[in-house]
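**Q** What follows is the file upload.cif, containing mmCIF, C-alpha atoms and all ligand atoms:
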```cif
data_coords
loop_
_atom_site.label_atom_id
_atom_site.label_comp_id
_atom_site.auth_asym_id
_atom_site.auth_seq_id
_atom_site.Cartn_x
_atom_site.Cartn_y
_atom_site.Cartn_z
CA MET A 1 0.00 0.00 0.00
CA VAL A 2 1.15 3.53 -0.66
CA LYS A 3 1.79 5.76 2.35
CA ILE A 4 -0.50 8.78 2.41
CA GLY A 5 0.94 11.72 4.31
CA GLY A 6 -1.71 14.33 3.61
CA LEU A 7 -4.93 15.19 1.81
CA GLN A 8 -6.14 18.53 0.54
CA LYS A 9 -9.84 17.97 0.29
CA MET A 10 -10.50 20.53 -2.42
CA THR A 11 -8.39 22.58 -4.79
CA LEU A 12 -9.30 24.70 -7.79
CA ILE A 13 -5.70 25.27 -8.87
CA ASP A 14 -3.95 21.89 -8.90
CA TYR A 15 -5.79 20.41 -11.91
CA PRO A 16 -6.42 23.05 -14.60
CA GLY A 17 -10.13 23.63 -15.11
CA LYS A 18 -11.22 20.93 -12.65
CA VAL A 19 -12.40 20.73 -9.08
CA ALA A 20 -9.98 18.35 -7.46
CA ALA A 21 -8.53 16.99 -4.25
CA THR A 22 -4.82 16.40 -3.82
CA VAL A 23 -3.36 13.39 -2.06
CA PHE A 24 0.25 13.60 -0.87
CA LEU A 25 2.29 10.40 -0.87
CA VAL A 26 5.22 10.02 1.48
CA GLY A 27 8.83 9.71 0.32
CA CYS A 28 11.06 11.37 -2.22
CA ASN A 29 14.39 10.48 -3.81
CA PHE A 30 15.39 14.16 -4.01
CA LYS A 31 16.25 16.42 -1.11
CA CYS A 32 15.67 19.86 -2.61
CA GLY A 33 16.67 22.43 0.00
CA TYR A 34 13.68 24.63 -0.87
CA CYS A 35 11.12 21.82 -0.58
CA HIS A 36 7.89 22.95 1.10
CA ASN A 37 6.83 19.45 2.11
CA PRO A 38 9.64 18.48 4.49
CA ASP A 39 7.42 16.04 6.41
CA LEU A 40 6.83 14.02 3.26
CA VAL A 41 10.51 13.89 2.38
CA ARG A 42 12.09 13.42 5.79
CA GLN A 43 9.74 11.11 7.62
CA THR A 44 9.67 11.71 11.34
CA PRO A 45 9.12 9.17 14.12
CA GLY A 46 5.50 9.04 15.20
CA GLN A 47 4.32 10.63 11.94
CA GLU A 48 0.68 9.86 11.25
CA PHE A 49 -0.59 8.58 7.94
CA ILE A 50 -4.01 8.39 6.32
CA SER A 51 -5.01 4.82 5.56
CA GLU A 52 -6.02 3.89 2.02
CA LYS A 53 -9.33 2.71 3.48
CA ASP A 54 -10.07 6.19 4.86
CA PHE A 55 -8.89 7.84 1.65
CA PHE A 56 -11.21 5.78 -0.53
CA ALA A 57 -14.06 6.30 1.92
CA PHE A 58 -13.46 10.03 1.44
CA LEU A 59 -13.60 9.59 -2.36
CA GLU A 60 -16.85 7.71 -2.06
CA LYS A 61 -18.39 10.74 -0.30
CA ARG A 62 -17.02 13.16 -2.91
CA LYS A 63 -18.49 11.43 -5.96
CA GLY A 64 -20.26 14.04 -8.06
CA LEU A 65 -18.55 16.86 -6.16
CA LEU A 66 -14.97 16.44 -7.35
CA ASP A 67 -13.81 15.88 -10.91
CA ALA A 68 -10.28 14.74 -10.27
CA ILE A 69 -7.64 13.56 -7.83
CA CYS A 70 -4.10 14.92 -8.00
CA VAL A 71 -1.54 12.40 -6.81
CA SER A 72 1.39 14.37 -5.48
CA GLY A 73 4.18 14.04 -2.95
CA GLY A 74 6.91 13.76 -2.07
CA GLU A 75 7.53 11.87 -5.26
CA PRO A 76 4.77 9.40 -6.16
CA LEU A 77 7.12 7.42 -8.41
CA CYS A 78 9.20 6.38 -5.38
CA ASN A 79 6.47 3.91 -4.57
CA ASP A 80 6.41 0.26 -5.52
CA GLU A 81 5.23 -0.09 -9.12
CA LYS A 82 2.33 -2.44 -8.44
CA GLU A 83 1.16 -0.61 -5.33
CA LEU A 84 1.15 2.75 -7.09
CA ALA A 85 -0.56 1.39 -10.23
CA ASP A 86 -3.23 -0.28 -8.06
CA PHE A 87 -3.77 2.97 -6.16
CA LEU A 88 -4.24 4.95 -9.39
CA HIS A 89 -6.53 2.27 -10.83
CA LYS A 90 -8.72 2.41 -7.75
CA ILE A 91 -9.05 6.20 -8.08
CA LYS A 92 -10.04 5.80 -11.73
CA LYS A 93 -12.47 3.03 -10.87
CA ALA A 94 -14.09 5.35 -8.33
CA GLY A 95 -14.85 7.68 -11.25
CA PHE A 96 -12.24 10.44 -10.98
CA LEU A 97 -9.72 11.86 -13.40
CA VAL A 98 -6.12 11.28 -12.27
CA LYS A 99 -3.36 13.84 -12.33
CA LEU A 100 0.17 12.70 -11.52
CA ASP A 101 2.80 15.08 -10.15
CA THR A 102 6.37 13.90 -10.60
CA ASN A 103 9.97 15.03 -10.57
CA GLY A 104 10.55 12.85 -13.64
CA PHE A 105 13.55 10.99 -12.26
CA ASN A 106 12.05 7.49 -12.37
CA PHE A 107 11.73 7.33 -16.14
CA SER A 108 11.05 3.60 -16.37
CA LEU A 109 8.09 3.68 -13.96
CA LEU A 110 6.71 6.82 -15.60
CA GLU A 111 6.93 5.08 -18.98
CA LYS A 112 5.05 2.04 -17.68
CA LEU A 113 2.29 4.10 -16.08
CA LEU A 114 1.77 6.34 -19.10
CA ALA A 115 1.56 3.25 -21.30
CA LYS A 116 -1.45 2.00 -19.32
CA LYS A 117 -4.28 3.34 -21.42
CA GLY A 118 -6.59 5.74 -19.64
CA LEU A 119 -4.86 5.44 -16.25
CA ILE A 120 -3.47 8.99 -16.12
CA ASP A 121 -5.25 12.03 -17.52
CA TYR A 122 -2.76 14.78 -16.73
CA VAL A 123 0.95 14.85 -15.83
CA ALA A 124 2.74 17.74 -14.17
CA MET A 125 6.51 17.36 -14.12
CA ASP A 126 8.86 19.58 -12.17
CA VAL A 127 11.83 20.60 -14.25
CA LYS A 128 14.06 21.91 -11.53
CA ALA A 129 16.98 23.57 -13.25
CA SER A 130 19.39 23.17 -16.12
CA LEU A 131 20.86 19.65 -15.91
CA ASP A 132 24.25 20.85 -14.68
CA ARG A 133 22.59 22.27 -11.51
CA TYR A 134 20.42 19.24 -10.66
CA GLY A 135 22.93 17.62 -8.29
CA GLU A 136 23.38 20.78 -6.26
CA LEU A 137 19.65 21.54 -6.18
CA THR A 138 18.42 18.05 -5.30
CA ASN A 139 21.33 17.15 -3.01
CA ILE A 140 21.82 13.76 -4.60
CA LYS A 141 24.68 12.49 -6.70
CA ASN A 142 23.41 10.90 -9.87
CA ASP A 143 23.16 10.99 -13.59
CA PHE A 144 20.16 13.18 -14.47
CA ARG A 145 19.77 12.29 -18.13
CA ASN A 146 16.47 10.58 -17.24
CA ILE A 147 15.02 14.04 -16.76
CA GLU A 148 15.37 14.77 -20.46
CA LYS A 149 14.00 11.34 -21.35
CA SER A 150 10.94 11.92 -19.15
CA ILE A 151 10.31 15.34 -20.71
CA LYS A 152 10.31 13.80 -24.19
CA LEU A 153 8.17 10.88 -23.06
CA ILE A 154 5.52 13.22 -21.64
CA MET A 155 5.51 15.49 -24.67
CA ASP A 156 5.07 12.49 -27.00
CA SER A 157 2.53 10.69 -24.80
CA GLY A 158 -0.65 12.37 -26.08
CA ILE A 159 -1.64 12.91 -22.43
CA ASP A 160 -2.37 16.43 -21.25
CA TYR A 161 0.62 17.87 -19.35
CA GLU A 162 2.53 20.79 -17.97
CA PHE A 163 6.11 21.37 -16.95
CA ARG A 164 6.79 23.66 -14.04
CA THR A 165 9.75 25.21 -12.32
CA THR A 166 10.08 26.73 -8.88
CA VAL A 167 12.39 29.63 -9.56
CA LEU A 168 14.86 31.28 -7.21
CA PRO A 169 17.80 33.53 -7.99
CA LYS A 170 20.29 31.00 -6.57
CA PHE A 171 19.56 28.52 -9.38
CA HIS A 172 17.87 30.46 -12.14
CA ASP A 173 20.03 33.24 -13.49
CA PHE A 174 19.27 34.22 -17.06
CA THR A 175 21.62 31.67 -18.67
CA GLY A 176 20.62 28.82 -16.37
CA PHE A 177 16.93 29.53 -16.92
CA GLU A 178 17.36 29.66 -20.68
CA ASN A 179 19.24 26.34 -20.62
CA LEU A 180 16.32 24.85 -18.69
CA LEU A 181 13.87 26.23 -21.25
CA LYS A 182 15.81 24.56 -24.04
CA MET A 183 15.04 21.21 -22.39
CA VAL A 184 11.28 21.86 -22.63
CA SER A 185 11.41 23.57 -25.99
CA GLY A 186 8.16 23.07 -27.93
CA ALA A 187 6.14 22.20 -24.81
CA LYS A 188 2.54 23.30 -24.80
CA LYS A 189 2.48 24.50 -21.21
CA PHE A 190 5.11 25.72 -18.75
CA CYS A 191 4.52 27.23 -15.31
CA ILE A 192 6.84 29.49 -13.37
CA GLN A 193 6.30 29.14 -9.62
CA ASN A 194 7.95 31.68 -7.40
CA PHE A 195 9.99 30.26 -4.55
CA SER A 196 8.72 31.12 -1.08
CA ASN A 197 11.36 31.21 1.63
CA ARG A 198 9.06 30.00 4.39
CA ARG A 199 9.10 26.45 5.81
CA THR A 200 11.80 24.81 3.74
CA LEU A 201 13.47 21.40 4.05
CA ASP A 202 16.84 23.09 4.54
CA PRO A 203 16.35 26.02 6.95
CA ARG A 204 19.17 27.93 5.25
CA TYR A 205 16.76 28.51 2.36
CA ASN A 206 14.75 30.79 4.66
CA LEU A 207 17.46 33.35 3.97
CA GLU A 208 17.40 33.00 0.18
CA THR A 209 16.15 35.94 -1.82
CA VAL A 210 13.12 35.60 -4.08
CA PHE A 211 12.34 37.08 -7.49
CA ARG A 212 10.11 40.14 -7.67
CA TYR A 213 7.10 40.08 -9.98
CA PRO A 214 8.67 42.18 -12.79
CA GLU A 215 11.54 39.68 -12.90
CA LEU A 216 9.07 36.81 -13.18
CA GLU A 217 7.39 38.62 -16.07
CA LYS A 218 10.73 38.85 -17.87
CA MET A 219 11.22 35.14 -17.30
CA ARG A 220 7.77 34.47 -18.72
CA ASP A 221 8.64 36.56 -21.80
CA LEU A 222 11.78 34.51 -22.27
CA ALA A 223 9.89 31.26 -21.74
CA LEU A 224 7.40 32.19 -24.45
CA LYS A 225 10.24 32.03 -26.98
CA TYR A 226 10.46 28.29 -26.22
CA VAL A 227 7.00 27.12 -25.12
CA LYS A 228 3.48 27.76 -26.37
CA GLN A 229 1.93 28.85 -23.08
CA CYS A 230 3.51 30.12 -19.88
CA GLU A 231 1.80 30.94 -16.59
CA ILE A 232 3.23 32.61 -13.51
CA ARG A 233 2.10 31.12 -10.20
CA SER A 234 3.39 33.18 -7.34
S1 LIG B 301 10.57 19.68 -3.90
FE1 LIG B 301 9.59 17.82 -4.70
S2 LIG B 301 11.29 16.64 -5.57
FE2 LIG B 301 12.20 18.15 -4.21
S3 LIG B 301 12.43 17.13 -2.23
FE3 LIG B 301 10.44 18.18 -2.20
S4 LIG B 301 8.98 16.67 -2.88
FE4 LIG B 301 11.00 15.92 -3.47
#
```
Starting from the coordinates I provided, produce the structure as structure tokens.
Ligand code: SF4
**A**
Amino acid sequence: MVKIGGLQKMTLIDYPGKVAATVFLVGCNFKCGYCHNPDLVRQTPGQEFISEKDFFAFLEKRKGLLDAICVSGGEPLCNDEKELADFLHKIKKAGFLVKLDTNGFNFSLLEKLLAKKGLIDYVAMDVKASLDRYGELTNIKNDFRNIEKSIKLIMDSGIDYEFRTTVLPKFHDFTGFENLLKMVSGAKKFCIQNFSNRRTLDPRYNLETVFRYPELEKMRDLALKYVKQCEIRS
């Protein structure tokens, strides 16, 4: 069974154009210093979880009221393949659209899930930085070429999608941001999310500066040279 660390019972912003709830799965392979869900990434002793039974009982009560369920994290693709696929199937069977949030690192599991016809209706992938900054940003040592493979997979999948980046001056100077945009070149939707320096996984990020709105607008203008649609979420 997947471990459920939180549930937002209604959201109008997580699934474009739909009334949704968001379920947060525990665990992540990245350790982004700016992460706003530290409790999902760094599990703490005595942490309480929501049982799948209670979650599906909640869905039962929301039939006809919600259109969709966003499966977020943490990183959902850190879960066991069968357990995660079963969880998504059960949401679909209950009559809801499924949106999957992912950091795109687990390419092989993403490929398997997207290949299951009708299982996922919308994918939102975080593209964190230009590839050369991924190690520093995520605090893991690895080869990040899977990120590019996942971007291509999503763009070719025929499933509705968006890419999104949490931007902060530390990682997204003009050149770095443009290099990131080259990775998602041709994408139909890209979202710029402004970093908030409150409640971060690494407390040192509380001292990081944030972009001001006019700077975000310039980034959006640059993004529109590479992608068809770009939204600022701040
Ligand atoms: S920001 Fe996302 S990918 Fe990074 S540590 Fe947090 S949950 Fe994981």
**Q** Of the candidates A:Leu113, A:Leu153, A:Cys35, A:Val123, which one gets nearest to A:Asn197 if we count all atoms listed in the file?
**A**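 Using all atoms listed in the file, the shortest distance to A:Asn197 belongs to A:Cys35.
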**Q** With distances taken over only C-alpha atoms, which residue among A:Leu65, A:Glu75, A:Cys230, A:Leu168 lies nearest A:Asn206?
**A**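 Distance minimum relative to A:Asn206 lands on A:Leu168.
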**Q** Which of these residues is nearest to ligand LIG 301 (chain B), using all atoms listed in the file: A:Asp221, A:Glu60, A:Asp121, A:Asp39?
**A**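 Result for the nearest residue to ligand LIG 301 (chain B): A:Asp39.
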**Q** Near stretch 145-148 of chain A, within 8 Å and counting only C-alpha atoms, which residues show up once chain neighbours fewer than 4 positions away are dropped, as a CSV table (one decimal) with C-alpha atoms, in the coordinates of the input?
**A**
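Below you can see around07.csv, which holds the result:
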```csv
chain,number,residue,atom,x,y,z
A,104,GLY,CA,10.6,12.8,-13.6
A,105,PHE,CA,13.6,11.0,-12.3
A,106,ASN,CA,12.0,7.5,-12.4
A,107,PHE,CA,11.7,7.3,-16.1
A,127,VAL,CA,11.8,20.6,-14.2
A,131,LEU,CA,20.9,19.6,-15.9
A,152,LYS,CA,10.3,13.8,-24.2
A,183,MET,CA,15.0,21.2,-22.4
```
**Q** Leaving out stretch 9-16 of chain A and any residue of its chain fewer than 6 positions from it, which residues lie within 9 Å of it when counting all atoms listed in the file, given as a ChimeraX atom specification?
**A** /A:22-23,58,66,68-70,99,122
**Q** Which residues are near ligand LIG 301 (chain B) - at most 6 Å, using only C-alpha atoms and all ligand atoms? Format: as a list in words.
**A** Cys28, Phe30, Lys31, Cys32, Cys35, Asn37, Val41, Gly73, Gly74, Glu75 and Asn103 of chain A
**Q** List the neighbours of A:Ser185 out to 7 Å using only C-alpha atoms; skip same-chain residues closer than 3 positions along the sequence, and give me the result as a PyMOL selection string.
**A** chain A and resi 181-182+226-227
**Q** Let me see the file: selected residues, C-alpha atoms, as a short mmCIF file (atom, residue, chain, number, x, y, z; two decimals), in the frame of the given file.
**A**
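Saved to result-v4.cif:
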```
data_model
loop_
_atom_site.label_atom_id
_atom_site.label_comp_id
_atom_site.auth_asym_id
_atom_site.auth_seq_id
_atom_site.Cartn_x
_atom_site.Cartn_y
_atom_site.Cartn_z
CA LEU A 181 13.87 26.23 -21.25
CA LYS A 182 15.81 24.56 -24.04
CA TYR A 226 10.46 28.29 -26.22
CA VAL A 227 7.00 27.12 -25.12
#
```
**Q** If you measure from atom CA of A:Gln229 to atom CA of A:Ala187, what distance in Å do you get, rounded to one decimal?
**A**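 These atoms are spaced 8.1 Å apart.
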**Q** Looking at A:Leu180, A:Cys78, A:Leu119, A:Ala85, which one is nearest to A:Asp132, with distances taken over only C-alpha atoms?
**A**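 Of the candidates, the smallest distance to A:Asp132 is held by A:Leu180.
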**Q** From the options A:Asn194, A:Thr102, A:Asn79, A:Ser157, which residue's atoms come nearest to A:Lys116, counting only C-alpha atoms?
**A**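 Counting only C-alpha atoms, the residue closest to A:Lys116 is A:Ser157.
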**Q** Could you check which of A:Ala129, A:Ile151, A:Val184, A:Ala115 is closest to A:Pro169, using all atoms listed in the file?
**A**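 Of all the options, A:Ala129 lies closest to A:Pro169.
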**Q** Using atom CA of A:Asn29 and atom CA of A:Thr138 as the two end points, give the distance in Å to one decimal.
**A**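 So the two atoms, atom CA of A:Asn29 and atom CA of A:Thr138, lie 8.7 Å apart.
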**Q** Kindly give the distance, in Å, that separates atom CA of A:Asp156 and atom CA of A:Asp126, rounded to a single decimal.
**A**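 The value is 16.9 Å.
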**Q** Just want the 12 Å neighbourhood of A:Glu215, counted on all atoms listed in the file, with same-chain residues fewer than 3 positions away dropped. Output as a PyMOL selection string.
**A** chain A and resi 167-169+172-174+192+194+210-212+218-222+232+234
**Q** Using all atoms of stretch 144-154 of chain A listed in the file and a margin of 5 Å per side, can you give the axis-aligned box centre and edge lengths in Å to one decimal, as JSON?
**A**
```
{"center_x": 12.8, "center_y": 13.0, "center_z": -19.3, "size_x": 24.6, "size_y": 14.8, "size_z": 19.7}
```
**Q** Report as a list in words all protein, DNA and RNA residues lying within 8 Å of stretch 47-54 of chain A, evaluated on all atoms listed in the file, omitting residues in the same chain fewer than 5 positions from it.
**A**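 Contacts, with the query itself left out: Met1, Val2, Lys3, Ile4, Gly5 and Gly6 of chain A.
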